[in-house]
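To start, the structure itself, in structure tokens.
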Amino acid sequence: RSWRSAARFGRKFVDAEDEESCFNPTEVKMSQIVMPCHCNHRQELSVGQLLKWMDSTACLSAERHAGSLCVTASMDDIHFEHTISVGQVVNIRAKVNRAFNTSMEVGIHVSCEDLFSDRHWRVCHSYATFVTQRTNTGQKVTLRPVVPQSQQEHVEYSVAAERRRVRMLHSDIIKELLSSGSVEQADSSAMCSGMAAEKTRVESVELVLPPHANHQVNTFGGQIMAWMVNVATIAASRLCQAHPTLRTIDMFTFRGPSQVGDRLLLRAIVNNAFKNSLEVGVRAEAYQEEGPNRHINSAFMIFEVLDDGGKPSPLPRIRPEPVEGERRCQEAIARKKIRLDRKYIVSRKQSEVPLSVPWEPRNQVYLSYNNVSALKMLAAKKNWRLSTEKDKVRLYTLEQKSMLSFRVEAEVDVPAHRAFCLLAELSNRTSWDTHYKKCELIHRVDDDDFIYRVVTPSVHQGAVGSPTSSSQGDRILQDFILLASKRKPCGQGDPYVIALRSVSLSTHPHFEGYNRGEVLCAGFTILETNNNMSLVRQLVNLFPFESFLDII
């Protein structure tokens with residue numbers, strides 16, 4: 001055990017050196033000391049100012065890679081873990097994770113530094129999407145690929161394609177959730193006694209001046225976000241009659257540009273108030289002296305009111321106006337459910353996610369994301385150790401904290417797309433895999449995600465990997481409820497992916513006579529090589545390593 005601990009420390013040290021030694025030409029760092037002019041009344045850095053710094057740092061990174069002008073297209077969810085006080089230093093680091101055709105994903109890390117105690121802590125982390133501007137002749141700027149260097153960059157590069165897929169589906173998730181009737185109705189009796197939502201409505205007009213513009217003479221995206229935070233904070237304060245703390249900003253998209261001379265009309269209203277948090281919806285429109293208003297951006301911001309101990313305080317209820325207010329109220333409930341699902345499934349570490357997460361329509365996109373990203377991250381790990389090789393089939397093992405993983409790989413004389421079609425169709429696997437006794441398609445989620453019930457031979461009680469096996473041994477079969485997520489390459493050099501993980505369905509509880517098995521992370525990656533051949537890798541993340549030690 002002491003040898004193993006030393007080996008783990010050595011690997012961590014080598015990985016840290018590897019991260020430091022890898023030079024990323026797109027990385028941009030910004031450090032700002034927080035001055036009183038950057039702060040609110042509590043002498044804490046205003047979120048609006050922080051968003052300005054984040055946006056400008058990310059834009060510089062995007063333009064460094066593109067070699068041309070770029071604009072902010074969208075920003076993923078931002079969860080602010082800590083506040084920042086006067087005199088502390090904000091460190092922002094941004095780098096391009098992956099470039100697509102004319103857009104790219106930029107990862108943004110924000111940390112805080114106390115100069116007097118030498119403490120450092122994370123404040124937030126987000127992903128922004130930037131798009132290139134057309135040239136003076138109207139031609140599109142096609143981005144060159146990003147070449148990841150370190151292990152972490154390989155992981156971010158691989159998972160960026162899956163995050164892009166989630167962004168494209170984001171606007172449809174709430175619509176499907178509301179149309180399916182999965183959102184519980186608001187408590188009308190409690191709302192009747194609440195404050196009228198109209199009392200929280202805020203409207204403000206800002207004139208865009210040259211200091212508010214970026215180097216492209218468009219209104220700076222960070223400035224628009226700062227103005228939106230301002231009106232949202234006022235709306236939240238009117239409900240709670242206190243000074244709220246902005247905790248989360250949902251994913252938002254810039255719908256169009258704004259220029260110097262525009263008037264920006266900003267509207268905010270509390271959509272719904274929950275036990276310890278409230279949601280404010282903000283809408284930004286631009287207009288000139290003549291002409292219609294142009295919708296620039298919309299965002300949803302989550303506020304809390306903290307007590308003296310830093311804990312969220314109970315909040316008063318809100319009474320929405322008929323029709324439109326009730327619609328916003330229901331959508332706020334749907335967004336809260338999605339945020340909780342996203343936090344439960346996506347934001348947690350892979351080792352903290354339960355083996356079988358309940359599958360529901362509202363969390364299907366995030367379960368699929370977790371399924372594919374977990375397999376891609378496992379495949380991108382370094383320190384795989386070759387255990388054995390026979391007939392050009394190689395078996396690797398990876399010890400990672402309390403988890404033990406296996407990787408089996410071989411180069412086969414089959415084109416990658418044919419190997420993908422064969423392995424992706426689990427229903428046909430019983431014809432060539434003796435370990436699959438039965439495979440039943442339970443539900444076709446969409447073109448890329450399917451749920452199967454797979455029956456396999458059970459292993460003897462006490463055998464490796466079967467802590468739930470029955471004492472009856474081989475007479476009892478084992479079944480799995482698996483989510484299969486299938487992805488074709490997003491770009492050149494990407495593999496085909498078939499990701500598998502256990503889910504639970506209320507319609508398929510444990511069957512009598514079967515031993516229910518569970519899989520945290522498994523699947524295949526298939527990479528096209530030379531001469532119509534393909535490199536097939538099967539990966540399995542098995543069980544807690546300490547349990548394995550006890551068994552052997």
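Just so we're on the same page: first chain in the structure tokens is A, next is B, and so on; residues restart at 1 for each chain, and ligands are numbered from 1 in the order they show up.
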Which residues, written as a ChimeraX atom specification, have at least one atom at most 12 Å from range 26-33 of chain A, with only C-alpha atoms counted and residues fewer than 6 positions away on the same chain left out? /A:39,45,49-50,52-67,84-99,104-115,145-149,153
DSSP says strand (DSSP E) for which residues of range 190-397 of chain A? Put them as a ChimeraX atom specification? /A:195-196,202-207,245-249,252-253,263-273,278-287,294-304,318-319,357-358,385-390,393-397
Any idea what's packed within 12 Å of Arg238 in chain A, counting only C-alpha atoms, ignoring anything in its chain fewer than 2 positions away? Could you give it as a compact mmCIF listing (two decimals) with N, CA and C atoms, in the first residue's frame?
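Output (part-v8.txt):
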# COMPACT_ATOMS: atom_id res chain seq x y z
N MET A 195 -46.21 38.78 -2.76
CA MET A 195 -46.10 40.11 -3.36
C MET A 195 -46.40 40.03 -4.85
N ALA A 196 -47.12 41.01 -5.36
CA ALA A 196 -47.41 41.05 -6.79
C ALA A 196 -46.11 41.18 -7.58
N ALA A 197 -45.95 40.35 -8.58
CA ALA A 197 -44.72 40.35 -9.35
C ALA A 197 -44.49 41.69 -10.03
N GLU A 198 -45.57 42.39 -10.37
CA GLU A 198 -45.45 43.68 -11.04
C GLU A 198 -44.69 44.70 -10.20
N LYS A 199 -44.72 44.54 -8.87
CA LYS A 199 -44.00 45.47 -8.01
C LYS A 199 -42.49 45.32 -8.11
N THR A 200 -42.05 44.20 -8.65
CA THR A 200 -40.60 43.98 -8.80
C THR A 200 -40.09 44.39 -10.17
N ARG A 201 -40.98 44.80 -11.05
CA ARG A 201 -40.57 45.12 -12.42
C ARG A 201 -39.65 46.34 -12.43
N VAL A 202 -38.56 46.24 -13.21
CA VAL A 202 -37.58 47.33 -13.35
C VAL A 202 -37.38 47.59 -14.83
N VAL A 231 -30.03 45.72 -13.27
CA VAL A 231 -31.49 45.79 -13.17
C VAL A 231 -32.05 44.53 -12.49
N ALA A 232 -31.40 43.38 -12.70
CA ALA A 232 -31.85 42.15 -12.05
C ALA A 232 -31.70 42.26 -10.54
N THR A 233 -30.61 42.86 -10.08
CA THR A 233 -30.39 43.02 -8.64
C THR A 233 -31.44 43.92 -8.02
N ILE A 234 -31.82 44.97 -8.73
CA ILE A 234 -32.86 45.88 -8.22
C ILE A 234 -34.19 45.13 -8.11
N ALA A 235 -34.54 44.34 -9.12
CA ALA A 235 -35.80 43.57 -9.08
C ALA A 235 -35.80 42.60 -7.92
N ALA A 236 -34.70 41.90 -7.71
CA ALA A 236 -34.61 40.95 -6.60
C ALA A 236 -34.71 41.65 -5.26
N CYS A 240 -37.26 40.83 -1.87
CA CYS A 240 -36.74 40.37 -0.57
C CYS A 240 -36.49 41.51 0.40
N GLN A 241 -36.53 42.76 -0.09
CA GLN A 241 -36.29 43.95 0.75
C GLN A 241 -34.99 43.79 1.53
N ALA A 242 -33.99 43.32 0.82
CA ALA A 242 -32.66 43.14 1.37
C ALA A 242 -31.68 43.20 0.22
N HIS A 243 -30.40 43.05 0.52
CA HIS A 243 -29.39 43.08 -0.52
C HIS A 243 -29.08 41.64 -0.93
N PRO A 244 -29.53 41.23 -2.13
CA PRO A 244 -29.36 39.84 -2.55
C PRO A 244 -27.96 39.57 -3.10
N ALA A 268 -36.46 43.96 -16.24
CA ALA A 268 -36.25 42.83 -15.33
C ALA A 268 -37.48 42.66 -14.46
N ILE A 269 -37.78 41.41 -14.10
CA ILE A 269 -38.91 41.11 -13.22
C ILE A 269 -38.63 39.76 -12.55
N VAL A 270 -39.09 39.62 -11.31
CA VAL A 270 -38.94 38.34 -10.61
C VAL A 270 -39.95 37.36 -11.20
N LEU A 278 -34.51 32.92 -5.68
CA LEU A 278 -35.49 33.52 -6.59
C LEU A 278 -34.86 33.68 -7.96
N VAL A 280 -34.81 35.87 -11.51
CA VAL A 280 -35.15 37.13 -12.18
C VAL A 280 -34.88 36.95 -13.67
N LEU A 315 -37.34 33.21 1.73
CA LEU A 315 -37.76 34.35 0.93
C LEU A 315 -39.28 34.43 0.86
N PRO A 316 -39.82 35.65 0.71
CA PRO A 316 -41.27 35.78 0.52
C PRO A 316 -41.70 35.23 -0.84
N ILE A 318 -44.04 35.08 -4.41
CA ILE A 318 -44.39 36.05 -5.45
C ILE A 318 -45.76 35.69 -6.01
Between CA of Arg119 in chain A and CA of Thr245 in chain A - distance in Å to one decimal: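 Calculated distance between CA of Thr245 in chain A and CA of Arg119 in chain A is 22.8 Å.
Rounded to one decimal, CA of Ala332 in chain A and CA of Leu246 in chain A lie 16.1 Å from each other.
Each of A:Gln152, A:Ser158, A:Asn297, A:Ser402 was compared to Thr72 in chain A using only C-alpha atoms, and A:Asn297 turns out to be the nearest.
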Please indicate the distance in Å from CA of Val454 in chain A to CA of Ile526 in chain A, rounded to one decimal place.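 Calculated distance between CA of Val454 in chain A and CA of Ile526 in chain A is 22.1 Å.
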Please, which residues of range 51-240 of chain A, numbered as in this document, come out alpha helix (DSSP H) from DSSP, as an mmCIF file with N, CA and C atoms, in the first residue's frame?
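Result saved to states-v4.cif:
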data_model
loop_
_atom_site.group_PDB
_atom_site.id
_atom_site.type_symbol
_atom_site.label_atom_id
_atom_site.label_comp_id
_atom_site.auth_asym_id
_atom_site.auth_seq_id
_atom_site.Cartn_x
_atom_site.Cartn_y
_atom_site.Cartn_z
ATOM 1 N N LEU A 51 -17.941 40.007 -14.824
ATOM 2 C CA LEU A 51 -18.331 39.531 -16.148
ATOM 3 C C LEU A 51 -17.615 40.306 -17.257
ATOM 4 N N LYS A 52 -17.398 41.600 -17.047
ATOM 5 C CA LYS A 52 -16.639 42.387 -18.036
ATOM 6 C C LYS A 52 -15.238 41.817 -18.209
ATOM 7 N N TRP A 53 -14.575 41.560 -17.077
ATOM 8 C CA TRP A 53 -13.209 41.041 -17.145
ATOM 9 C C TRP A 53 -13.182 39.652 -17.773
ATOM 10 N N MET A 54 -14.150 38.823 -17.422
ATOM 11 C CA MET A 54 -14.199 37.473 -17.992
ATOM 12 C C MET A 54 -14.395 37.525 -19.501
ATOM 13 N N ASP A 55 -15.300 38.381 -19.949
ATOM 14 C CA ASP A 55 -15.613 38.459 -21.371
ATOM 15 C C ASP A 55 -14.421 38.986 -22.166
ATOM 16 N N SER A 56 -13.743 39.994 -21.642
ATOM 17 C CA SER A 56 -12.611 40.557 -22.380
ATOM 18 C C SER A 56 -11.444 39.573 -22.428
ATOM 19 N N THR A 57 -11.202 38.834 -21.341
ATOM 20 C CA THR A 57 -10.117 37.845 -21.339
ATOM 21 C C THR A 57 -10.408 36.734 -22.345
ATOM 22 N N ALA A 58 -11.661 36.250 -22.346
ATOM 23 C CA ALA A 58 -12.039 35.183 -23.281
ATOM 24 C C ALA A 58 -11.968 35.663 -24.719
ATOM 25 N N CYS A 59 -12.359 36.911 -24.960
ATOM 26 C CA CYS A 59 -12.319 37.458 -26.321
ATOM 27 C C CYS A 59 -10.879 37.546 -26.826
ATOM 28 N N LEU A 60 -9.961 37.962 -25.964
ATOM 29 C CA LEU A 60 -8.556 38.040 -26.368
ATOM 30 C C LEU A 60 -8.014 36.661 -26.725
ATOM 31 N N SER A 61 -8.422 35.642 -25.965
ATOM 32 C CA SER A 61 -7.990 34.284 -26.264
ATOM 33 C C SER A 61 -8.541 33.816 -27.604
ATOM 34 N N ALA A 62 -9.823 34.090 -27.844
ATOM 35 C CA ALA A 62 -10.447 33.681 -29.102
ATOM 36 C C ALA A 62 -9.783 34.366 -30.297
ATOM 37 N N GLU A 63 -9.523 35.659 -30.173
ATOM 38 C CA GLU A 63 -8.928 36.399 -31.290
ATOM 39 C C GLU A 63 -7.473 36.008 -31.508
ATOM 40 N N ARG A 64 -6.794 35.607 -30.447
ATOM 41 C CA ARG A 64 -5.412 35.140 -30.608
ATOM 42 C C ARG A 64 -5.390 33.876 -31.456
ATOM 43 N N HIS A 65 -6.372 32.990 -31.260
ATOM 44 C CA HIS A 65 -6.410 31.766 -32.065
ATOM 45 C C HIS A 65 -6.906 32.045 -33.482
ATOM 46 N N ALA A 66 -7.941 32.878 -33.591
ATOM 47 C CA ALA A 66 -8.556 33.113 -34.901
ATOM 48 C C ALA A 66 -7.701 34.011 -35.792
ATOM 49 N N GLN A 151 -2.830 16.522 -20.803
ATOM 50 C CA GLN A 151 -3.948 15.595 -20.618
ATOM 51 C C GLN A 151 -5.255 16.358 -20.432
ATOM 52 N N GLN A 152 -5.221 17.423 -19.617
ATOM 53 C CA GLN A 152 -6.434 18.195 -19.382
ATOM 54 C C GLN A 152 -6.942 18.830 -20.667
ATOM 55 N N GLU A 153 -6.045 19.296 -21.510
ATOM 56 C CA GLU A 153 -6.462 19.893 -22.775
ATOM 57 C C GLU A 153 -7.065 18.849 -23.702
ATOM 58 N N HIS A 154 -6.538 17.632 -23.678
ATOM 59 C CA HIS A 154 -7.126 16.555 -24.473
ATOM 60 C C HIS A 154 -8.549 16.266 -24.001
ATOM 61 N N VAL A 155 -8.758 16.260 -22.688
ATOM 62 C CA VAL A 155 -10.092 16.009 -22.136
ATOM 63 C C VAL A 155 -11.063 17.110 -22.559
ATOM 64 N N GLU A 156 -10.644 18.373 -22.380
ATOM 65 C CA GLU A 156 -11.507 19.500 -22.746
ATOM 66 C C GLU A 156 -11.819 19.491 -24.233
ATOM 67 N N TYR A 157 -10.821 19.188 -25.041
ATOM 68 C CA TYR A 157 -11.015 19.136 -26.492
ATOM 69 C C TYR A 157 -12.044 18.075 -26.853
ATOM 70 N N SER A 158 -11.935 16.918 -26.239
ATOM 71 C CA SER A 158 -12.828 15.809 -26.574
ATOM 72 C C SER A 158 -14.259 16.082 -26.136
ATOM 73 N N VAL A 159 -14.423 16.617 -24.919
ATOM 74 C CA VAL A 159 -15.762 16.820 -24.366
ATOM 75 C C VAL A 159 -16.434 18.070 -24.937
ATOM 76 N N ALA A 160 -15.646 18.984 -25.542
ATOM 77 C CA ALA A 160 -16.220 20.218 -26.101
ATOM 78 C C ALA A 160 -17.286 19.925 -27.146
ATOM 79 N N ALA A 161 -17.097 18.871 -27.920
ATOM 80 C CA ALA A 161 -18.093 18.519 -28.942
ATOM 81 C C ALA A 161 -19.417 18.139 -28.298
ATOM 82 N N GLU A 162 -19.370 17.464 -27.150
ATOM 83 C CA GLU A 162 -20.608 17.083 -26.464
ATOM 84 C C GLU A 162 -21.266 18.291 -25.817
ATOM 85 N N ARG A 163 -20.460 19.209 -25.282
ATOM 86 C CA ARG A 163 -21.042 20.438 -24.720
ATOM 87 C C ARG A 163 -21.723 21.256 -25.821
ATOM 88 N N ARG A 164 -21.125 21.269 -27.001
ATOM 89 C CA ARG A 164 -21.731 21.995 -28.130
ATOM 90 C C ARG A 164 -23.100 21.405 -28.465
ATOM 91 N N ARG A 165 -23.194 20.107 -28.405
ATOM 92 C CA ARG A 165 -24.470 19.438 -28.683
ATOM 93 C C ARG A 165 -25.528 19.842 -27.651
ATOM 94 N N VAL A 166 -25.133 19.929 -26.382
ATOM 95 C CA VAL A 166 -26.063 20.335 -25.325
ATOM 96 C C VAL A 166 -26.536 21.762 -25.555
ATOM 97 N N ARG A 167 -25.624 22.660 -25.963
ATOM 98 C CA ARG A 167 -26.023 24.054 -26.213
ATOM 99 C C ARG A 167 -27.079 24.140 -27.302
ATOM 100 N N MET A 168 -26.910 23.350 -28.350
ATOM 101 C CA MET A 168 -27.862 23.396 -29.459
ATOM 102 C C MET A 168 -29.240 22.900 -29.036
ATOM 103 N N LEU A 169 -29.282 22.022 -28.026
ATOM 104 C CA LEU A 169 -30.564 21.477 -27.566
ATOM 105 C C LEU A 169 -31.144 22.248 -26.393
ATOM 106 N N HIS A 170 -30.372 23.204 -25.859
ATOM 107 C CA HIS A 170 -30.755 23.854 -24.608
ATOM 108 C C HIS A 170 -32.131 24.512 -24.679
ATOM 109 N N SER A 171 -32.389 25.249 -25.753
ATOM 110 C CA SER A 171 -33.653 25.980 -25.850
ATOM 111 C C SER A 171 -34.853 25.061 -25.986
ATOM 112 N N ASP A 172 -34.619 23.829 -26.468
ATOM 113 C CA ASP A 172 -35.726 22.898 -26.663
ATOM 114 C C ASP A 172 -36.068 22.112 -25.396
ATOM 115 N N ILE A 173 -35.145 22.070 -24.436
ATOM 116 C CA ILE A 173 -35.356 21.232 -23.255
ATOM 117 C C ILE A 173 -36.559 21.714 -22.452
ATOM 118 N N ILE A 174 -36.618 23.034 -22.197
ATOM 119 C CA ILE A 174 -37.718 23.577 -21.395
ATOM 120 C C ILE A 174 -39.040 23.435 -22.136
ATOM 121 N N LYS A 175 -39.030 23.673 -23.452
ATOM 122 C CA LYS A 175 -40.271 23.529 -24.223
ATOM 123 C C LYS A 175 -40.817 22.111 -24.119
ATOM 124 N N GLU A 176 -39.932 21.120 -24.253
ATOM 125 C CA GLU A 176 -40.374 19.729 -24.163
ATOM 126 C C GLU A 176 -40.836 19.384 -22.755
ATOM 127 N N LEU A 177 -40.144 19.939 -21.750
ATOM 128 C CA LEU A 177 -40.514 19.670 -20.363
ATOM 129 C C LEU A 177 -41.889 20.238 -20.040
ATOM 130 N N LEU A 178 -42.189 21.448 -20.534
ATOM 131 C CA LEU A 178 -43.490 22.067 -20.282
ATOM 132 C C LEU A 178 -44.601 21.374 -21.060
ATOM 133 N N SER A 179 -44.313 21.013 -22.307
ATOM 134 C CA SER A 179 -45.337 20.374 -23.138
ATOM 135 C C SER A 179 -45.677 18.969 -22.648
ATOM 136 N N SER A 188 -50.781 27.601 -5.694
ATOM 137 C CA SER A 188 -51.600 28.812 -5.885
ATOM 138 C C SER A 188 -51.997 29.458 -4.569
ATOM 139 N N SER A 189 -52.242 28.636 -3.529
ATOM 140 C CA SER A 189 -52.656 29.194 -2.242
ATOM 141 C C SER A 189 -51.547 30.033 -1.628
ATOM 142 N N ALA A 190 -50.302 29.565 -1.735
ATOM 143 C CA ALA A 190 -49.177 30.326 -1.186
ATOM 144 C C ALA A 190 -48.916 31.576 -2.001
ATOM 145 N N MET A 191 -49.153 31.494 -3.317
ATOM 146 C CA MET A 191 -48.879 32.643 -4.171
ATOM 147 C C MET A 191 -49.903 33.757 -3.983
ATOM 148 N N CYS A 192 -51.111 33.402 -3.609
ATOM 149 C CA CYS A 192 -52.153 34.419 -3.440
ATOM 150 C C CYS A 192 -51.774 35.433 -2.374
ATOM 151 N N GLY A 221 -19.844 43.095 -24.948
ATOM 152 C CA GLY A 221 -20.755 42.102 -24.374
ATOM 153 C C GLY A 221 -20.739 42.090 -22.866
ATOM 154 N N GLY A 222 -19.539 42.276 -22.285
ATOM 155 C CA GLY A 222 -19.451 42.319 -20.827
ATOM 156 C C GLY A 222 -20.195 43.499 -20.240
ATOM 157 N N GLN A 223 -20.215 44.619 -20.981
ATOM 158 C CA GLN A 223 -20.953 45.791 -20.499
ATOM 159 C C GLN A 223 -22.454 45.536 -20.508
ATOM 160 N N ILE A 224 -22.938 44.877 -21.560
ATOM 161 C CA ILE A 224 -24.367 44.539 -21.609
ATOM 162 C C ILE A 224 -24.723 43.634 -20.437
ATOM 163 N N MET A 225 -23.876 42.639 -20.169
ATOM 164 C CA MET A 225 -24.141 41.740 -19.046
ATOM 165 C C MET A 225 -24.128 42.491 -17.726
ATOM 166 N N ALA A 226 -23.227 43.442 -17.573
ATOM 167 C CA ALA A 226 -23.161 44.216 -16.334
ATOM 168 C C ALA A 226 -24.437 45.032 -16.135
ATOM 169 N N TRP A 227 -24.942 45.655 -17.193
ATOM 170 C CA TRP A 227 -26.194 46.413 -17.083
ATOM 171 C C TRP A 227 -27.367 45.483 -16.743
ATOM 172 N N MET A 228 -27.351 44.288 -17.316
ATOM 173 C CA MET A 228 -28.428 43.340 -17.023
ATOM 174 C C MET A 228 -28.381 42.885 -15.568
ATOM 175 N N VAL A 229 -27.175 42.676 -15.042
ATOM 176 C CA VAL A 229 -27.046 42.298 -13.625
ATOM 177 C C VAL A 229 -27.576 43.410 -12.735
ATOM 178 N N ASN A 230 -27.344 44.652 -13.123
ATOM 179 C CA ASN A 230 -27.777 45.796 -12.317
ATOM 180 C C ASN A 230 -29.295 45.825 -12.156
ATOM 181 N N VAL A 231 -30.032 45.720 -13.268
ATOM 182 C CA VAL A 231 -31.494 45.791 -13.165
ATOM 183 C C VAL A 231 -32.050 44.532 -12.489
ATOM 184 N N ALA A 232 -31.397 43.382 -12.700
ATOM 185 C CA ALA A 232 -31.852 42.154 -12.051
ATOM 186 C C ALA A 232 -31.701 42.255 -10.542
ATOM 187 N N THR A 233 -30.607 42.858 -10.078
ATOM 188 C CA THR A 233 -30.385 43.018 -8.638
ATOM 189 C C THR A 233 -31.444 43.921 -8.022
ATOM 190 N N ILE A 234 -31.819 44.972 -8.732
ATOM 191 C CA ILE A 234 -32.863 45.875 -8.219
ATOM 192 C C ILE A 234 -34.190 45.130 -8.106
ATOM 193 N N ALA A 235 -34.544 44.342 -9.123
ATOM 194 C CA ALA A 235 -35.795 43.575 -9.083
ATOM 195 C C ALA A 235 -35.803 42.599 -7.915
ATOM 196 N N ALA A 236 -34.697 41.897 -7.711
ATOM 197 C CA ALA A 236 -34.614 40.947 -6.603
ATOM 198 C C ALA A 236 -34.711 41.654 -5.260
ATOM 199 N N SER A 237 -34.095 42.840 -5.143
ATOM 200 C CA SER A 237 -34.117 43.590 -3.884
ATOM 201 C C SER A 237 -35.527 44.037 -3.531
ATOM 202 N N ARG A 238 -36.342 44.341 -4.539
ATOM 203 C CA ARG A 238 -37.710 44.799 -4.271
ATOM 204 C C ARG A 238 -38.564 43.687 -3.662
ATOM 205 N N LEU A 239 -38.267 42.443 -4.021
ATOM 206 C CA LEU A 239 -39.029 41.341 -3.432
ATOM 207 C C LEU A 239 -38.539 41.019 -2.026
ATOM 208 N N CYS A 240 -37.257 40.827 -1.867
ATOM 209 C CA CYS A 240 -36.745 40.369 -0.569
ATOM 210 C C CYS A 240 -36.492 41.509 0.400
#
Contacts of range 505-521 of chain A at 7 Å (only C-alpha atoms; same-chain gap of 3+ positions) as number ranges by chain: A: 355-356, 358-359, 374-375, 469-470, 476-480, 500-502, 540-541
Find the spatial neighbours of Glu440 in chain A, counting only C-alpha atoms, within a cut-off of 10 Å - ignore same-chain residues fewer than 5 positions away - and output them as a PyMOL selection string. chain A and resi 426-428+451-455+481
For Ala416 in chain A, please output as a list of chain:residue names all residues within 8 Å (counting only C-alpha atoms; exclusion window: fewer than 6 positions along the same chain).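 What passes the distance filter is A:Tyr496, A:Ile526, A:Leu527, A:Glu528, A:Asn532, A:Met533, A:Ser534, A:Leu535.
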Would you mind exporting the chosen residues as a PDB file, in the first residue's frame, restricted to N, CA and C atoms?
ATOM      1  N   TYR A 496     -15.338   7.512 -33.327  1.00  0.00           N
ATOM      2  CA  TYR A 496     -16.725   7.124 -33.077  1.00  0.00           C
ATOM      3  C   TYR A 496     -16.816   6.724 -31.605  1.00  0.00           C
ATOM      4  N   ILE A 526     -13.797   4.162 -31.477  1.00  0.00           N
ATOM      5  CA  ILE A 526     -13.334   3.566 -32.737  1.00  0.00           C
ATOM      6  C   ILE A 526     -12.721   4.673 -33.574  1.00  0.00           C
ATOM      7  N   LEU A 527     -11.435   4.528 -33.860  1.00  0.00           N
ATOM      8  CA  LEU A 527     -10.699   5.560 -34.571  1.00  0.00           C
ATOM      9  C   LEU A 527     -10.212   5.021 -35.905  1.00  0.00           C
ATOM     10  N   GLU A 528     -10.489   5.776 -36.965  1.00  0.00           N
ATOM     11  CA  GLU A 528     -10.052   5.357 -38.300  1.00  0.00           C
ATOM     12  C   GLU A 528      -8.531   5.488 -38.409  1.00  0.00           C
ATOM     13  N   ASN A 532      -8.091   1.785 -44.470  1.00  0.00           N
ATOM     14  CA  ASN A 532      -9.439   1.324 -44.112  1.00  0.00           C
ATOM     15  C   ASN A 532      -9.444   0.416 -42.874  1.00  0.00           C
ATOM     16  N   MET A 533      -8.477   0.582 -42.020  1.00  0.00           N
ATOM     17  CA  MET A 533      -8.461  -0.163 -40.772  1.00  0.00           C
ATOM     18  C   MET A 533      -8.912   0.763 -39.646  1.00  0.00           C
ATOM     19  N   SER A 534      -9.184   0.195 -38.490  1.00  0.00           N
ATOM     20  CA  SER A 534      -9.650   0.996 -37.373  1.00  0.00           C
ATOM     21  C   SER A 534      -9.080   0.465 -36.067  1.00  0.00           C
ATOM     22  N   LEU A 535      -8.841   1.375 -35.145  1.00  0.00           N
ATOM     23  CA  LEU A 535      -8.376   1.034 -33.805  1.00  0.00           C
ATOM     24  C   LEU A 535      -9.584   1.026 -32.882  1.00  0.00           C
TER      25      LEU A 535
END
Name all residues at most 10 Å from range 407-415 of chain A (count only C-alpha atoms; drop same-chain ones fewer than 5 positions away) and give them as an MDAnalysis selection string. chainID A and resid 378:379 384:389 391:398 420 522:541
For the residues in that selection, give me C-alpha atoms as an mmCIF file, in the first residue's frame.
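Written out: again-v2.cif:
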data_model
loop_
_atom_site.group_PDB
_atom_site.id
_atom_site.type_symbol
_atom_site.label_atom_id
_atom_site.label_comp_id
_atom_site.auth_asym_id
_atom_site.auth_seq_id
_atom_site.Cartn_x
_atom_site.Cartn_y
_atom_site.Cartn_z
ATOM 1 C CA LEU A 378 -11.598 7.995 -19.255
ATOM 2 C CA ALA A 379 -10.142 7.392 -22.724
ATOM 3 C CA TRP A 384 -2.507 3.499 -18.536
ATOM 4 C CA ARG A 385 -0.263 0.504 -17.811
ATOM 5 C CA LEU A 386 0.092 -2.325 -20.316
ATOM 6 C CA SER A 387 -0.746 -5.509 -18.412
ATOM 7 C CA THR A 388 -0.664 -8.121 -21.137
ATOM 8 C CA GLU A 389 -0.650 -8.557 -24.915
ATOM 9 C CA ASP A 391 -2.403 -11.893 -30.673
ATOM 10 C CA LYS A 392 -2.005 -8.102 -31.046
ATOM 11 C CA VAL A 393 -4.761 -7.504 -28.489
ATOM 12 C CA ARG A 394 -3.533 -5.323 -25.636
ATOM 13 C CA LEU A 395 -4.966 -5.066 -22.119
ATOM 14 C CA TYR A 396 -4.256 -1.912 -20.100
ATOM 15 C CA THR A 397 -5.166 -1.057 -16.517
ATOM 16 C CA LEU A 398 -5.508 2.297 -14.781
ATOM 17 C CA PHE A 420 -19.282 1.476 -35.330
ATOM 18 C CA ALA A 522 -18.168 1.615 -20.202
ATOM 19 C CA GLY A 523 -18.164 1.598 -23.973
ATOM 20 C CA PHE A 524 -16.128 1.745 -27.165
ATOM 21 C CA THR A 525 -14.111 4.309 -29.078
ATOM 22 C CA ILE A 526 -13.334 3.566 -32.737
ATOM 23 C CA LEU A 527 -10.699 5.560 -34.571
ATOM 24 C CA GLU A 528 -10.052 5.357 -38.300
ATOM 25 C CA THR A 529 -6.411 4.463 -39.102
ATOM 26 C CA ASN A 530 -4.599 3.767 -42.364
ATOM 27 C CA ASN A 531 -5.787 1.546 -45.221
ATOM 28 C CA ASN A 532 -9.439 1.324 -44.112
ATOM 29 C CA MET A 533 -8.461 -0.163 -40.772
ATOM 30 C CA SER A 534 -9.650 0.996 -37.373
ATOM 31 C CA LEU A 535 -8.376 1.034 -33.805
ATOM 32 C CA VAL A 536 -11.094 -0.310 -31.512
ATOM 33 C CA ARG A 537 -10.867 0.341 -27.792
ATOM 34 C CA GLN A 538 -13.200 -1.049 -25.159
ATOM 35 C CA LEU A 539 -13.141 0.754 -21.821
ATOM 36 C CA VAL A 540 -14.693 -0.278 -18.508
ATOM 37 C CA ASN A 541 -14.652 1.628 -15.232
#
